Amino acid sequence: MTASATSGKPLLEADLKKTIDACDRALSLDFAKKKILKFFESRMGYYAPNLSAIVGSDVAVKLIGAAGGLSDLANMTCDVVYGIGAKKRILAGFSSATSQLHVGFVEQTRISKSTPPSSRKKAWELLAAKSVLASRMDDSRQDPAGRYGRALRDMIHKKIDKWQDRKRGGSRLRKMKERYNREKKNAVWSTRLGDGYGEGHGIRPGSKQSRLG
């Protein structure tokens, strides 16, 4: 067995043993971490019902764990919550100065995944803001049933739907104007010119169609 960073020389027996032991420890720690996260995830409905109602129990565990606790998360601003869990990605062939900062754990929520790409950034900001409110409610233990969180979740869905309705409305208006312009260009009309008749193209001046905004 050879190390990938070497020029092909075999590892010494002692180095090989240390490497294997380190890998085993890393795997054991990762397994233990996942087990702990699964346990807390199963308890999120009791520990943070309102936050879980918005982001899901899996993301709620990550947010609380990264923040250092529910109280710490409740005291954070929405801008900070927005970035919790974010990692920098360095583009291949470029320096670290051109690295891109990914969105944090809020990107992993079901609401985020079901939101059209064009509205996701606004959805992430909204999720972060409402997550702060929900975590404050959970920290104060005023609504253990999670009704407040579900109400916030419904409000988020309605806002996202409204954004999409506006975009669809804008698209319809553009199509109407395009159709109007085509009709205006292709229309033919007649008018009396002196002793005879003439022919014009486009929408007749003074008609209702000519005043379309």
# chains A, B, ... in the order shown; residues from 1 in each chain; ligands from 1

call {"tool": "residues_around", "arguments": {"residues": "A:Arg110", "least_positions_apart": "5", "cutoff": "9 Å", "atoms": "only C-alpha atoms", "output": "list in words"}}
result
Val55, Gly56 and Thr115 of chain A

call {"tool": "atom_distance", "arguments": {"atom1": "atom CA of A:Ser114", "atom2": "atom CA of A:Leu127"}}
result
13.0 Å

call {"tool": "atom_distance", "arguments": {"atom1": "atom CA of A:Pro117", "atom2": "atom CA of A:Lys87"}}
result
19.6 Å

call {"tool": "residues_around", "arguments": {"residues": "A:Ala48", "least_positions_apart": "4", "cutoff": "12 Å", "atoms": "only C-alpha atoms", "output": "ChimeraX atom specification"}}
result
/A:40-44,52-61,63-64,69-71,73-74,131-149

call {"tool": "write_last_selection", "arguments": {"atoms": "N, CA and C atoms", "output": "short mmCIF file (atom, residue, chain, number, x, y, z; two decimals), in the first residue's frame"}}
result
data_model
loop_
_atom_site.label_atom_id
_atom_site.label_comp_id
_atom_site.auth_asym_id
_atom_site.auth_seq_id
_atom_site.Cartn_x
_atom_site.Cartn_y
_atom_site.Cartn_z
N PHE A 40 -31.28 13.64 19.05
CA PHE A 40 -31.81 14.98 19.27
C PHE A 40 -32.90 15.32 18.25
N GLU A 41 -32.72 14.81 17.04
CA GLU A 41 -33.73 15.05 16.00
C GLU A 41 -35.08 14.46 16.42
N SER A 42 -35.03 13.29 17.06
CA SER A 42 -36.27 12.65 17.50
C SER A 42 -36.92 13.40 18.66
N ARG A 43 -36.15 14.26 19.34
CA ARG A 43 -36.67 15.02 20.48
C ARG A 43 -37.02 16.46 20.12
N MET A 44 -36.79 16.85 18.88
CA MET A 44 -37.02 18.24 18.49
C MET A 44 -38.48 18.65 18.62
N SER A 52 -38.98 23.55 14.67
CA SER A 52 -39.08 22.34 13.85
C SER A 52 -40.22 22.44 12.85
N ALA A 53 -41.29 23.13 13.23
CA ALA A 53 -42.43 23.28 12.33
C ALA A 53 -42.05 24.06 11.08
N ILE A 54 -41.07 24.94 11.20
CA ILE A 54 -40.66 25.77 10.07
C ILE A 54 -39.58 25.11 9.23
N VAL A 55 -38.51 24.69 9.88
CA VAL A 55 -37.34 24.20 9.13
C VAL A 55 -37.22 22.68 9.11
N GLY A 56 -38.03 21.99 9.91
CA GLY A 56 -37.89 20.54 10.02
C GLY A 56 -36.97 20.18 11.16
N SER A 57 -37.18 19.02 11.74
CA SER A 57 -36.40 18.62 12.92
C SER A 57 -34.92 18.42 12.59
N ASP A 58 -34.62 17.95 11.37
CA ASP A 58 -33.22 17.71 11.01
C ASP A 58 -32.44 19.01 10.92
N VAL A 59 -33.03 20.03 10.31
CA VAL A 59 -32.34 21.32 10.20
C VAL A 59 -32.35 22.04 11.54
N ALA A 60 -33.40 21.86 12.33
CA ALA A 60 -33.46 22.49 13.66
C ALA A 60 -32.30 22.01 14.53
N VAL A 61 -32.00 20.71 14.48
CA VAL A 61 -30.87 20.17 15.24
C VAL A 61 -29.56 20.84 14.82
N LEU A 63 -29.10 23.78 13.34
CA LEU A 63 -29.06 25.19 13.72
C LEU A 63 -28.74 25.36 15.20
N ILE A 64 -29.44 24.60 16.03
CA ILE A 64 -29.23 24.70 17.48
C ILE A 64 -27.83 24.25 17.86
N GLY A 69 -26.73 26.16 21.29
CA GLY A 69 -27.88 25.94 22.15
C GLY A 69 -29.07 26.75 21.69
N LEU A 70 -30.24 26.40 22.19
CA LEU A 70 -31.47 27.08 21.78
C LEU A 70 -31.47 28.55 22.20
N SER A 71 -31.01 28.83 23.41
CA SER A 71 -30.98 30.21 23.89
C SER A 71 -30.04 31.07 23.05
N LEU A 73 -29.28 30.54 19.92
CA LEU A 73 -29.92 30.74 18.62
C LEU A 73 -31.00 31.82 18.72
N ALA A 74 -31.74 31.81 19.82
CA ALA A 74 -32.82 32.78 20.01
C ALA A 74 -32.30 34.21 20.12
N SER A 131 -37.22 31.82 11.70
CA SER A 131 -36.57 30.84 12.58
C SER A 131 -36.14 31.48 13.89
N VAL A 132 -35.70 32.73 13.81
CA VAL A 132 -35.33 33.45 15.03
C VAL A 132 -36.55 33.63 15.93
N LEU A 133 -37.67 34.03 15.33
CA LEU A 133 -38.90 34.23 16.12
C LEU A 133 -39.37 32.91 16.74
N ALA A 134 -39.29 31.84 15.95
CA ALA A 134 -39.73 30.53 16.45
C ALA A 134 -38.82 30.03 17.58
N SER A 135 -37.52 30.24 17.43
CA SER A 135 -36.59 29.79 18.47
C SER A 135 -36.79 30.58 19.77
N ARG A 136 -37.16 31.84 19.66
CA ARG A 136 -37.44 32.64 20.86
C ARG A 136 -38.69 32.12 21.57
N MET A 137 -39.67 31.72 20.78
CA MET A 137 -40.88 31.15 21.37
C MET A 137 -40.56 29.83 22.07
N ASP A 138 -39.73 29.01 21.44
CA ASP A 138 -39.35 27.73 22.04
C ASP A 138 -38.51 27.93 23.30
N ASP A 139 -37.64 28.91 23.26
CA ASP A 139 -36.78 29.17 24.41
C ASP A 139 -37.60 29.63 25.62
N SER A 140 -38.67 30.34 25.36
CA SER A 140 -39.53 30.82 26.45
C SER A 140 -40.56 29.78 26.88
N ARG A 141 -40.70 28.71 26.11
CA ARG A 141 -41.63 27.61 26.40
C ARG A 141 -43.08 28.10 26.49
N GLN A 142 -43.42 29.10 25.69
CA GLN A 142 -44.78 29.64 25.74
C GLN A 142 -45.76 28.86 24.86
N ASP A 143 -45.23 28.12 23.88
CA ASP A 143 -46.13 27.38 22.99
C ASP A 143 -45.54 26.00 22.70
N PRO A 144 -45.63 25.07 23.64
CA PRO A 144 -45.07 23.73 23.45
C PRO A 144 -45.78 22.91 22.39
N ALA A 145 -46.97 23.35 21.98
CA ALA A 145 -47.71 22.61 20.95
C ALA A 145 -47.23 22.95 19.54
N GLY A 146 -46.48 24.04 19.39
CA GLY A 146 -45.93 24.40 18.09
C GLY A 146 -46.89 25.12 17.17
N ARG A 147 -47.99 25.63 17.71
CA ARG A 147 -48.98 26.32 16.86
C ARG A 147 -48.39 27.59 16.24
N TYR A 148 -47.58 28.29 17.02
CA TYR A 148 -46.95 29.52 16.52
C TYR A 148 -46.05 29.22 15.32
N GLY A 149 -45.27 28.17 15.43
CA GLY A 149 -44.38 27.79 14.34
C GLY A 149 -45.13 27.39 13.09
#

call {"tool": "atom_distance", "arguments": {"atom1": "atom CA of A:Asp79", "atom2": "atom CA of A:Asn50"}}
result
19.5 Å

call {"tool": "residues_around", "arguments": {"residues": "A:Leu126", "least_positions_apart": "6", "cutoff": "12 Å", "atoms": "only C-alpha atoms", "output": "mmCIF file with C-alpha atoms, in the first residue's frame"}}
result
data_model
loop_
_atom_site.group_PDB
_atom_site.id
_atom_site.type_symbol
_atom_site.label_atom_id
_atom_site.label_comp_id
_atom_site.auth_asym_id
_atom_site.auth_seq_id
_atom_site.Cartn_x
_atom_site.Cartn_y
_atom_site.Cartn_z
ATOM 1 C CA ILE A 54 -40.663 25.773 10.067
ATOM 2 C CA VAL A 55 -37.342 24.200 9.127
ATOM 3 C CA CYS A 78 -31.611 36.771 11.266
ATOM 4 C CA ASP A 79 -28.478 37.695 9.278
ATOM 5 C CA VAL A 81 -28.900 32.593 11.335
ATOM 6 C CA TYR A 82 -28.960 32.944 7.546
ATOM 7 C CA VAL A 106 -31.813 27.097 5.843
ATOM 8 C CA GLU A 107 -31.021 26.044 2.277
ATOM 9 C CA ILE A 111 -39.578 24.992 1.934
ATOM 10 C CA SER A 112 -36.334 26.032 0.267
ATOM 11 C CA SER A 119 -37.258 33.214 -5.363
ATOM 12 C CA ARG A 120 -34.988 31.110 -3.172
ATOM 13 C CA VAL A 132 -35.330 33.454 15.033
ATOM 14 C CA LEU A 133 -38.900 34.226 16.116
ATOM 15 C CA LEU A 152 -45.293 31.140 10.649
ATOM 16 C CA ARG A 153 -44.744 28.274 8.222
ATOM 17 C CA MET A 155 -47.321 32.578 6.328
ATOM 18 C CA ILE A 156 -44.028 31.759 4.591
ATOM 19 C CA HIS A 157 -45.835 29.546 2.074
ATOM 20 C CA LYS A 158 -48.370 32.292 1.355
ATOM 21 C CA LYS A 159 -45.646 34.876 0.801
ATOM 22 C CA ILE A 160 -43.790 32.618 -1.617
#

call {"tool": "closest_residue", "arguments": {"among": "A:Asp15, A:Asp21, A:Glu125, A:Asp72", "to": "A:Val103", "atoms": "only C-alpha atoms"}}
result
A:Glu125
